[in-house]
$ cat protein25.pdb   # PDB, C-alpha atoms and all ligand atoms
ATOM      1  CA  MET O 388      -2.029   8.212  27.372  1.00  0.00           C
ATOM      2  CA  ARG O 389      -2.631  11.822  28.478  1.00  0.00           C
ATOM      3  CA  ASN O 390      -5.890  13.515  27.571  1.00  0.00           C
ATOM      4  CA  LYS O 391      -5.789  15.040  24.084  1.00  0.00           C
ATOM      5  CA  PRO O 392      -8.111  18.061  24.159  1.00  0.00           C
ATOM      6  CA  TRP O 393      -8.556  17.875  20.355  1.00  0.00           C
ATOM      7  CA  ALA O 394      -9.519  14.173  20.298  1.00  0.00           C
ATOM      8  CA  THR O 395     -13.314  14.402  20.696  1.00  0.00           C
ATOM      9  CA  ALA O 396     -13.837  17.052  18.009  1.00  0.00           C
ATOM     10  CA  PHE O 397     -11.390  15.267  15.713  1.00  0.00           C
ATOM     11  CA  LEU O 398     -13.247  11.954  16.064  1.00  0.00           C
ATOM     12  CA  GLU O 399     -16.650  13.615  15.613  1.00  0.00           C
ATOM     13  CA  THR O 400     -15.679  14.979  12.230  1.00  0.00           C
ATOM     14  CA  PHE O 401     -13.599  12.034  11.045  1.00  0.00           C
ATOM     15  CA  GLY O 402     -14.695  10.380   7.803  1.00  0.00           C
ATOM     16  CA  ASP O 403     -16.127   6.981   6.885  1.00  0.00           C
ATOM     17  CA  ALA O 404     -13.284   4.858   8.280  1.00  0.00           C
ATOM     18  CA  LEU O 405     -14.398   5.557  11.851  1.00  0.00           C
ATOM     19  CA  ILE O 406     -17.454   3.424  12.542  1.00  0.00           C
ATOM     20  CA  SER O 407     -19.511   5.022  15.307  1.00  0.00           C
ATOM     21  CA  ASP O 408     -22.251   2.365  15.415  1.00  0.00           C
ATOM     22  CA  PRO O 409     -20.855  -1.044  14.426  1.00  0.00           C
ATOM     23  CA  THR O 410     -24.191  -2.748  15.181  1.00  0.00           C
ATOM     24  CA  GLN O 411     -25.449  -1.243  11.902  1.00  0.00           C
ATOM     25  CA  LEU O 412     -22.931  -3.278   9.926  1.00  0.00           C
ATOM     26  CA  VAL O 413     -23.624  -6.760  11.326  1.00  0.00           C
ATOM     27  CA  SER O 414     -23.378  -9.246   8.388  1.00  0.00           C
ATOM     28  CA  ASN O 415     -22.291  -6.461   6.021  1.00  0.00           C
ATOM     29  CA  TRP O 416     -18.647  -5.854   6.873  1.00  0.00           C
ATOM     30  CA  LYS O 417     -17.233  -7.708   3.874  1.00  0.00           C
ATOM     31  CA  LYS O 418     -19.525  -5.811   1.539  1.00  0.00           C
ATOM     32  CA  ARG O 419     -18.632  -2.509   3.190  1.00  0.00           C
ATOM     33  CA  LEU O 420     -14.866  -3.148   2.992  1.00  0.00           C
ATOM     34  CA  ASN O 421     -15.121  -4.934  -0.365  1.00  0.00           C
ATOM     35  CA  CYS O 422     -13.194  -7.989   0.770  1.00  0.00           C
ATOM     36  CA  GLU O 423     -13.549 -11.744   1.201  1.00  0.00           C
ATOM     37  CA  ILE O 424     -11.232 -12.141   4.173  1.00  0.00           C
ATOM     38  CA  LEU O 425     -11.944 -10.086   7.287  1.00  0.00           C
ATOM     39  CA  HIS O 426      -9.326  -9.364   9.973  1.00  0.00           C
ATOM     40  CA  VAL O 427     -10.149  -7.786  13.326  1.00  0.00           C
ATOM     41  CA  GLU O 428      -7.476  -6.507  15.703  1.00  0.00           C
ATOM     42  CA  ILE O 429      -8.631  -5.936  19.280  1.00  0.00           C
ATOM     43  CA  GLY O 430      -6.681  -3.317  21.227  1.00  0.00           C
ATOM     44  CA  SER O 431      -5.001  -1.819  18.171  1.00  0.00           C
ATOM     45  CA  GLY O 432      -3.272   1.059  19.995  1.00  0.00           C
ATOM     46  CA  LYS O 433      -1.817   3.675  17.641  1.00  0.00           C
ATOM     47  CA  GLY O 434      -2.550   1.410  14.680  1.00  0.00           C
ATOM     48  CA  ASP O 435       0.854   0.609  13.167  1.00  0.00           C
ATOM     49  CA  TYR O 436      -0.059  -3.066  12.755  1.00  0.00           C
ATOM     50  CA  TRP O 437      -3.495  -2.239  11.337  1.00  0.00           C
ATOM     51  CA  ASN O 438      -2.066   0.198   8.793  1.00  0.00           C
ATOM     52  CA  LYS O 439       0.955  -1.871   7.764  1.00  0.00           C
ATOM     53  CA  MET O 440      -1.014  -5.108   7.405  1.00  0.00           C
ATOM     54  CA  ALA O 441      -3.783  -3.398   5.407  1.00  0.00           C
ATOM     55  CA  HIS O 442      -1.143  -2.176   2.944  1.00  0.00           C
ATOM     56  CA  LEU O 443       0.608  -5.573   2.849  1.00  0.00           C
ATOM     57  CA  TYR O 444      -2.724  -7.329   2.116  1.00  0.00           C
ATOM     58  CA  PRO O 445      -4.801  -4.700   0.305  1.00  0.00           C
ATOM     59  CA  SER O 446      -7.477  -7.106  -0.939  1.00  0.00           C
ATOM     60  CA  GLN O 447      -8.374  -8.103   2.637  1.00  0.00           C
ATOM     61  CA  GLY O 448     -10.463  -6.154   5.175  1.00  0.00           C
ATOM     62  CA  TRP O 449      -8.850  -4.748   8.347  1.00  0.00           C
ATOM     63  CA  ILE O 450     -10.834  -3.557  11.347  1.00  0.00           C
ATOM     64  CA  ALA O 451      -9.087  -2.017  14.357  1.00  0.00           C
ATOM     65  CA  ILE O 452     -10.858  -1.912  17.720  1.00  0.00           C
ATOM     66  CA  GLU O 453      -9.442   0.544  20.250  1.00  0.00           C
ATOM     67  CA  LYS O 454     -11.444   1.605  23.289  1.00  0.00           C
ATOM     68  CA  ASP O 455      -9.355   4.592  24.387  1.00  0.00           C
ATOM     69  CA  ARG O 456     -10.566   7.818  22.753  1.00  0.00           C
ATOM     70  CA  ASN O 457      -7.155   9.541  22.912  1.00  0.00           C
ATOM     71  CA  VAL O 458      -5.348   6.520  21.493  1.00  0.00           C
ATOM     72  CA  ALA O 459      -7.925   6.041  18.708  1.00  0.00           C
ATOM     73  CA  ALA O 460      -7.707   9.717  17.740  1.00  0.00           C
ATOM     74  CA  THR O 461      -3.893   9.553  17.733  1.00  0.00           C
ATOM     75  CA  CYS O 462      -4.075   6.444  15.541  1.00  0.00           C
ATOM     76  CA  LEU O 463      -6.367   8.052  12.977  1.00  0.00           C
ATOM     77  CA  LYS O 464      -4.331  11.259  12.938  1.00  0.00           C
ATOM     78  CA  LYS O 465      -1.118   9.299  12.436  1.00  0.00           C
ATOM     79  CA  HIS O 466      -2.445   7.214   9.540  1.00  0.00           C
ATOM     80  CA  MET O 467      -5.131   9.450   8.007  1.00  0.00           C
ATOM     81  CA  GLU O 468      -3.284   9.960   4.731  1.00  0.00           C
ATOM     82  CA  GLN O 469      -2.901   6.193   4.234  1.00  0.00           C
ATOM     83  CA  ILE O 470      -6.320   4.850   5.142  1.00  0.00           C
ATOM     84  CA  LEU O 471      -7.576   2.463   2.456  1.00  0.00           C
ATOM     85  CA  PRO O 472     -11.245   1.666   1.681  1.00  0.00           C
ATOM     86  CA  THR O 473     -10.542  -1.772   3.199  1.00  0.00           C
ATOM     87  CA  MET O 474      -9.796  -0.274   6.635  1.00  0.00           C
ATOM     88  CA  ALA O 475     -12.129   0.680   9.493  1.00  0.00           C
ATOM     89  CA  LEU O 476     -11.713   1.630  13.146  1.00  0.00           C
ATOM     90  CA  ILE O 477     -14.145   1.116  16.011  1.00  0.00           C
ATOM     91  CA  ASN O 478     -13.496   3.327  19.057  1.00  0.00           C
ATOM     92  CA  LEU O 479     -15.420   1.208  21.572  1.00  0.00           C
ATOM     93  CA  ASP O 480     -14.773  -1.456  24.211  1.00  0.00           C
ATOM     94  CA  ALA O 481     -14.517  -4.940  22.666  1.00  0.00           C
ATOM     95  CA  LYS O 482     -16.604  -6.341  25.533  1.00  0.00           C
ATOM     96  CA  ASP O 483     -19.560  -5.705  23.183  1.00  0.00           C
ATOM     97  CA  ILE O 484     -17.949  -7.341  20.130  1.00  0.00           C
ATOM     98  CA  SER O 485     -20.670 -10.010  19.878  1.00  0.00           C
ATOM     99  CA  THR O 486     -23.205  -7.314  18.901  1.00  0.00           C
ATOM    100  CA  TRP O 487     -21.041  -5.953  16.062  1.00  0.00           C
ATOM    101  CA  PHE O 488     -20.464  -9.051  13.921  1.00  0.00           C
ATOM    102  CA  ALA O 489     -22.564 -11.963  12.726  1.00  0.00           C
ATOM    103  CA  LYS O 490     -21.791 -15.608  13.455  1.00  0.00           C
ATOM    104  CA  GLY O 491     -18.837 -16.714  11.327  1.00  0.00           C
ATOM    105  CA  GLU O 492     -18.214 -13.241   9.881  1.00  0.00           C
ATOM    106  CA  ILE O 493     -14.594 -12.821  11.054  1.00  0.00           C
ATOM    107  CA  ASP O 494     -11.727 -14.797   9.498  1.00  0.00           C
ATOM    108  CA  VAL O 495      -8.767 -13.745  11.640  1.00  0.00           C
ATOM    109  CA  LEU O 496      -8.717 -12.170  15.099  1.00  0.00           C
ATOM    110  CA  HIS O 497      -5.490 -10.484  16.188  1.00  0.00           C
ATOM    111  CA  LEU O 498      -4.550  -9.930  19.830  1.00  0.00           C
ATOM    112  CA  ASN O 499      -1.328  -7.935  19.855  1.00  0.00           C
ATOM    113  CA  PHE O 500       0.310  -7.117  23.187  1.00  0.00           C
ATOM    114  CA  SER O 501      -3.012  -7.144  25.016  1.00  0.00           C
ATOM    115  CA  ASP O 502      -3.089  -5.652  28.508  1.00  0.00           C
ATOM    116  CA  PRO O 503      -1.937  -8.505  30.805  1.00  0.00           C
ATOM    117  CA  TRP O 504      -4.112  -7.695  33.856  1.00  0.00           C
ATOM    118  CA  PRO O 505      -1.634  -9.546  36.115  1.00  0.00           C
ATOM    119  CA  LYS O 506      -3.816  -9.700  39.241  1.00  0.00           C
ATOM    120  CA  LYS O 507      -5.798 -12.932  39.471  1.00  0.00           C
ATOM    121  CA  GLY O 508      -8.931 -11.016  40.431  1.00  0.00           C
ATOM    122  CA  HIS O 509      -8.730  -9.132  37.121  1.00  0.00           C
ATOM    123  CA  SER O 510      -8.278 -12.196  34.905  1.00  0.00           C
ATOM    124  CA  LYS O 511     -11.764 -11.809  33.395  1.00  0.00           C
ATOM    125  CA  ARG O 512     -10.591  -8.571  31.783  1.00  0.00           C
ATOM    126  CA  ARG O 513      -7.917 -10.362  29.742  1.00  0.00           C
ATOM    127  CA  LEU O 514      -8.888 -10.426  26.077  1.00  0.00           C
ATOM    128  CA  SER O 515      -7.965 -14.130  25.967  1.00  0.00           C
ATOM    129  CA  HIS O 516     -10.156 -15.077  28.940  1.00  0.00           C
ATOM    130  CA  GLY O 517     -12.717 -17.827  28.270  1.00  0.00           C
ATOM    131  CA  ILE O 518     -15.513 -15.242  28.474  1.00  0.00           C
ATOM    132  CA  PHE O 519     -14.085 -13.571  25.346  1.00  0.00           C
ATOM    133  CA  LEU O 520     -13.057 -16.853  23.698  1.00  0.00           C
ATOM    134  CA  LYS O 521     -16.663 -18.117  23.685  1.00  0.00           C
ATOM    135  CA  GLU O 522     -17.677 -14.993  21.763  1.00  0.00           C
ATOM    136  CA  TYR O 523     -14.717 -15.216  19.390  1.00  0.00           C
ATOM    137  CA  ALA O 524     -15.530 -18.868  18.620  1.00  0.00           C
ATOM    138  CA  ARG O 525     -19.024 -17.835  17.524  1.00  0.00           C
ATOM    139  CA  LEU O 526     -17.860 -14.873  15.441  1.00  0.00           C
ATOM    140  CA  LEU O 527     -15.042 -16.723  13.662  1.00  0.00           C
ATOM    141  CA  SER O 528     -15.649 -18.574  10.387  1.00  0.00           C
ATOM    142  CA  ASP O 529     -15.189 -22.382  10.375  1.00  0.00           C
ATOM    143  CA  SER O 530     -11.598 -21.999   9.218  1.00  0.00           C
ATOM    144  CA  GLY O 531     -11.125 -18.890  11.357  1.00  0.00           C
ATOM    145  CA  GLU O 532      -8.145 -18.324  13.596  1.00  0.00           C
ATOM    146  CA  ILE O 533      -6.798 -16.248  16.454  1.00  0.00           C
ATOM    147  CA  GLN O 534      -3.274 -14.866  16.212  1.00  0.00           C
ATOM    148  CA  MET O 535      -1.666 -13.605  19.389  1.00  0.00           C
ATOM    149  CA  LYS O 536       1.635 -11.856  20.121  1.00  0.00           C
ATOM    150  CA  THR O 537       2.868 -10.770  23.541  1.00  0.00           C
ATOM    151  CA  ASP O 538       6.013 -10.067  25.542  1.00  0.00           C
ATOM    152  CA  ASN O 539       4.332 -11.389  28.681  1.00  0.00           C
ATOM    153  CA  SER O 540       5.071 -15.047  29.475  1.00  0.00           C
ATOM    154  CA  SER O 541       2.348 -15.276  32.142  1.00  0.00           C
ATOM    155  CA  LEU O 542      -0.317 -13.942  29.800  1.00  0.00           C
ATOM    156  CA  PHE O 543       0.946 -16.299  27.101  1.00  0.00           C
ATOM    157  CA  GLU O 544       0.694 -19.353  29.388  1.00  0.00           C
ATOM    158  CA  PHE O 545      -2.748 -18.303  30.580  1.00  0.00           C
ATOM    159  CA  SER O 546      -3.907 -17.820  26.974  1.00  0.00           C
ATOM    160  CA  CYS O 547      -2.597 -21.213  25.821  1.00  0.00           C
ATOM    161  CA  VAL O 548      -4.576 -22.952  28.584  1.00  0.00           C
ATOM    162  CA  GLU O 549      -7.723 -20.898  28.001  1.00  0.00           C
ATOM    163  CA  MET O 550      -7.618 -21.575  24.254  1.00  0.00           C
ATOM    164  CA  SER O 551      -7.318 -25.336  24.694  1.00  0.00           C
ATOM    165  CA  ASN O 552     -10.175 -25.284  27.242  1.00  0.00           C
ATOM    166  CA  HIS O 553     -12.449 -23.368  24.883  1.00  0.00           C
ATOM    167  CA  GLY O 554     -12.354 -25.268  21.607  1.00  0.00           C
ATOM    168  CA  PHE O 555      -9.196 -23.937  19.954  1.00  0.00           C
ATOM    169  CA  ILE O 556      -6.300 -25.972  18.554  1.00  0.00           C
ATOM    170  CA  CYS O 557      -2.809 -24.521  18.480  1.00  0.00           C
ATOM    171  CA  LYS O 558      -1.326 -24.617  14.967  1.00  0.00           C
ATOM    172  CA  GLU O 559       1.772 -22.425  15.423  1.00  0.00           C
ATOM    173  CA  LEU O 560       3.737 -21.512  18.544  1.00  0.00           C
ATOM    174  CA  SER O 561       6.958 -19.630  19.117  1.00  0.00           C
ATOM    175  CA  VAL O 562       8.650 -18.326  22.259  1.00  0.00           C
ATOM    176  CA  ASP O 563      11.060 -16.184  20.222  1.00  0.00           C
ATOM    177  CA  TYR O 564       9.095 -15.258  17.115  1.00  0.00           C
ATOM    178  CA  ARG O 565      11.478 -12.598  15.781  1.00  0.00           C
ATOM    179  CA  ARG O 566      14.528 -14.887  16.035  1.00  0.00           C
ATOM    180  CA  VAL O 567      13.860 -15.364  12.338  1.00  0.00           C
ATOM    181  CA  GLU O 568      12.509 -12.736   9.984  1.00  0.00           C
ATOM    182  CA  HIS O 569       8.778 -12.599   9.329  1.00  0.00           C
ATOM    183  CA  PRO O 570       8.242 -10.039   6.608  1.00  0.00           C
ATOM    184  CA  GLU O 571       4.675 -11.329   6.188  1.00  0.00           C
ATOM    185  CA  ASP O 572       3.727 -10.074   9.663  1.00  0.00           C
ATOM    186  CA  ALA O 573       4.081  -6.408  10.643  1.00  0.00           C
ATOM    187  CA  ILE O 574       5.729  -5.247  13.862  1.00  0.00           C
ATOM    188  CA  THR O 575       3.429  -3.412  16.295  1.00  0.00           C
ATOM    189  CA  GLU O 576       4.411  -0.322  18.347  1.00  0.00           C
ATOM    190  CA  TYR O 577       4.779  -2.354  21.534  1.00  0.00           C
ATOM    191  CA  GLU O 578       6.561  -5.163  19.733  1.00  0.00           C
ATOM    192  CA  GLN O 579       9.186  -2.697  18.463  1.00  0.00           C
ATOM    193  CA  ARG O 580       9.786  -1.488  22.032  1.00  0.00           C
ATOM    194  CA  PHE O 581      10.424  -5.041  23.264  1.00  0.00           C
ATOM    195  CA  LEU O 582      12.613  -5.856  20.271  1.00  0.00           C
ATOM    196  CA  ASP O 583      14.679  -2.752  21.045  1.00  0.00           C
ATOM    197  CA  LEU O 584      15.126  -4.155  24.575  1.00  0.00           C
ATOM    198  CA  ASN O 585      16.160  -7.550  23.120  1.00  0.00           C
ATOM    199  CA  GLN O 586      13.179  -9.259  24.727  1.00  0.00           C
ATOM    200  CA  PRO O 587      11.631 -12.330  23.098  1.00  0.00           C
ATOM    201  CA  ILE O 588       8.224 -12.148  21.467  1.00  0.00           C
ATOM    202  CA  TYR O 589       5.779 -14.965  22.192  1.00  0.00           C
ATOM    203  CA  ARG O 590       3.374 -15.820  19.410  1.00  0.00           C
ATOM    204  CA  ALA O 591       0.759 -18.452  18.729  1.00  0.00           C
ATOM    205  CA  VAL O 592      -1.968 -19.128  16.207  1.00  0.00           C
ATOM    206  CA  TRP O 593      -5.057 -21.157  17.063  1.00  0.00           C
ATOM    207  CA  ARG O 594      -7.835 -22.447  14.874  1.00  0.00           C
ATOM    208  CA  LYS O 595     -11.294 -23.530  15.859  1.00  0.00           C
ATOM    209  CA  LYS O 596     -11.708 -27.236  16.591  1.00  0.00           C
ATOM    210  CA  ASP O 597     -13.898 -28.977  13.982  1.00  0.00           C
ATOM    211  CA  GLU O 598     -17.455 -29.340  15.281  1.00  0.00           C
TER
HETATM  212  C1  LIG O 601      -0.654  -2.562  25.446  1.00  0.00           C
HETATM  213  S1  LIG O 601      -1.536  -1.724  24.211  1.00  0.00           S
HETATM  214  C2  LIG O 601      -1.006  -2.562  22.715  1.00  0.00           C
HETATM  215  C3  LIG O 601      -1.265  -1.742  21.484  1.00  0.00           C
HETATM  216  C4  LIG O 601      -0.900  -2.414  20.143  1.00  0.00           C
HETATM  217  N1  LIG O 601      -1.692  -3.599  19.912  1.00  0.00           N
HETATM  218  C5  LIG O 601       0.562  -2.782  20.067  1.00  0.00           C
HETATM  219  O1  LIG O 601       0.884  -3.972  20.017  1.00  0.00           O
HETATM  220  O2  LIG O 601       1.396  -1.871  20.018  1.00  0.00           O
HETATM  221  C6  LIG O 601      -3.168  -2.376  24.445  1.00  0.00           C
HETATM  222  C7  LIG O 601      -4.258  -1.516  23.821  1.00  0.00           C
HETATM  223  O3  LIG O 601      -5.483  -2.245  23.887  1.00  0.00           O
HETATM  224  C8  LIG O 601      -6.521  -1.352  24.213  1.00  0.00           C
HETATM  225  N2  LIG O 601      -7.590  -2.175  24.825  1.00  0.00           N
HETATM  226  C9  LIG O 601      -7.492  -2.857  25.979  1.00  0.00           C
HETATM  227  N3  LIG O 601      -8.639  -3.491  26.258  1.00  0.00           N
HETATM  228  C10 LIG O 601      -9.492  -3.203  25.239  1.00  0.00           C
HETATM  229  C11 LIG O 601     -10.830  -3.547  24.959  1.00  0.00           C
HETATM  230  N4  LIG O 601     -11.546  -4.298  25.811  1.00  0.00           N
HETATM  231  N5  LIG O 601     -11.414  -3.083  23.827  1.00  0.00           N
HETATM  232  C12 LIG O 601     -10.694  -2.285  22.981  1.00  0.00           C
HETATM  233  N6  LIG O 601      -9.418  -1.904  23.205  1.00  0.00           N
HETATM  234  C13 LIG O 601      -8.809  -2.365  24.304  1.00  0.00           C
HETATM  235  C14 LIG O 601      -5.879  -0.348  25.148  1.00  0.00           C
HETATM  236  O4  LIG O 601      -6.593   0.865  25.211  1.00  0.00           O
HETATM  237  C15 LIG O 601      -4.490  -0.194  24.529  1.00  0.00           C
HETATM  238  O5  LIG O 601      -4.451   0.868  23.597  1.00  0.00           O
END

$ encode --input "protein25.pdb" --output "C-alpha cells"
Amino acid sequence: MRNKPWATAFLETFGDALISDPTQLVSNWKKRLNCEILHVEIGSGKGDYWNKMAHLYPSQGWIAIEKDRNVAATCLKKHMEQILPTMALINLDAKDISTWFAKGEIDVLHLNFSDPWPKKGHSKRRLSHGIFLKEYARLLSDSGEIQMKTDNSSLFEFSCVEMSNHGFICKELSVDYRRVEHPEDAITEYEQRFLDLNQPIYRAVWRKKDE
C-alpha cells in the first residue's frame, strides 16, 4: 500500500481500540474486552474479517494484528464507526506476539491469506512456520485452535506439514471452502478477490494435541 501521509497522526490520536503497548495487557485481555473467548487475527489487512466477525459474535473478543502502519490506519478509518468494546487492534509485527499474551490466553488464532513468502530462503517469515507455531502452541488455551484460509496451494501444503510436525491435529480441511455457503465465517478482502476470480479457497482448522 502507498504511504498515507495522514496515517501517523491519525493513529496517534486514535482512541482505546488501538493498543500501542500490548505488553501492558498480558493476562488481562479478556477482562479488557469483557469476553470469555478471545480471537486473534494475525495480518488482518483492512479489517473486514475482524469487523464482520466481531459483529457476528459480539460476546467474544476480537484482536486484529496488522504490522503495516498505512494498512492499520486504513482499517481503523474504514471501521471506526462500528468498533465495539470487544475489538482491539495492534499495529505491530506479530514476531513479538509471545510478549503480548500469557500462556493459554488465546482461544482461536486466525491466519487469513497470510503472505506466502514463496522463496525457500524466506520460509521462516511465513506465519505458519514452526518458529511461529511453537509460540502459538504456548499462547493457545488447551482447547485452542488455529483457523487458516488461503488461495495459495503451496502455502497450504507447507502449513499442513508444519502443523502436524509441531503438535497440532487437523480437525477440518477443505480445498474449496466456499463451494458451500458458510454464513458463520466472514469473507476477507483478499478472499473476496479470489472468489471474484473463481479461485478455490483452501481452509483448515487445527487443534492442539492433548499433552
Ligand atoms: C495478504 S494480506 C491479507 C489481509 C487480510 N487478512 C485478508 O485476508 O484480506 C496480509 C497482511 O498481513 C500483514 N502481515 C504480514 N506479516 C505480518 C506480521 N508478521 N505481523 C503483522 N501483520 C503482518 C501484511 O501487512 C498484510 O496487510

$ closest_residue --input "protein25.pdb" --among "O:Glu468, O:Glu453, O:Glu522, O:Asp408" --to "O:His553" --atoms "all atoms listed in the file"
O:Glu522

$ residues_near_ligand --input "protein25.pdb" --ligand "ligand LIG 601 (chain O)" --cutoff "7 Å" --atoms "all atoms listed in the file" --output "list in words"
Ile429, Gly430, Ser431, Gly432, Lys433, Gly434, Ile452, Glu453, Lys454, Asp455, Val458, Leu479, Asp480, Ala481, Lys482, Leu498, Asn499, Phe500, Ser501, Asp502, Leu514, Thr575, Glu576, Tyr577 and Glu578 of chain O

$ atom_distance --input "protein25.pdb" --atom1 "atom CA of O:Tyr523" --atom2 "atom CA of O:Ile477"
16.7 Å

$ resolve_selection --input "protein25.pdb" --expression "the PyMOL selection byres (((chain O and resi 406) around 8) and not hetatm)" --output "NGL selection string"
:O and (403-405 or 407-409 or 475-478)

$ closest_residue --input "protein25.pdb" --among "O:Phe545, O:Trp437, O:Phe397, O:Tyr444" --to "O:His466" --atoms "all atoms listed in the file"
O:Trp437

$ closest_residue --input "protein25.pdb" --among "O:Met388, O:Met550, O:Leu527, O:Val592" --to "O:Thr461" --atoms "all atoms listed in the file"
O:Met388

$ atom_distance --input "protein25.pdb" --atom1 "atom CA of O:Arg419" --atom2 "atom CA of O:Asp572"
24.5 Å

$ closest_residue --input "protein25.pdb" --among "O:Lys417, O:Ser485, O:Asp529, O:Leu542" --to "O:Lys506" --atoms "all atoms listed in the file"
O:Leu542

$ resolve_selection --input "protein25.pdb" --expression "the PyMOL selection byres (((chain O and resi 596) around 6) and not hetatm)" --output "JSON, numbers by chain"
{"O": [554, 555, 556, 595, 597]}

$ resolve_selection --input "protein25.pdb" --expression "the PyMOL selection byres (((chain O and resi 438) around 9) and not hetatm)" --output "list in words"
Gly434, Asp435, Tyr436, Trp437, Lys439, Met440, Ala441, His442, Leu443, Trp449, His466, Gln469, Ile470, Leu471 and Met474 of chain O

$ closest_residue --input "protein25.pdb" --among "O:Gln534, O:Ser510, O:Thr473, O:Asn457" --to "O:Leu496" --atoms "only C-alpha atoms"
O:Gln534
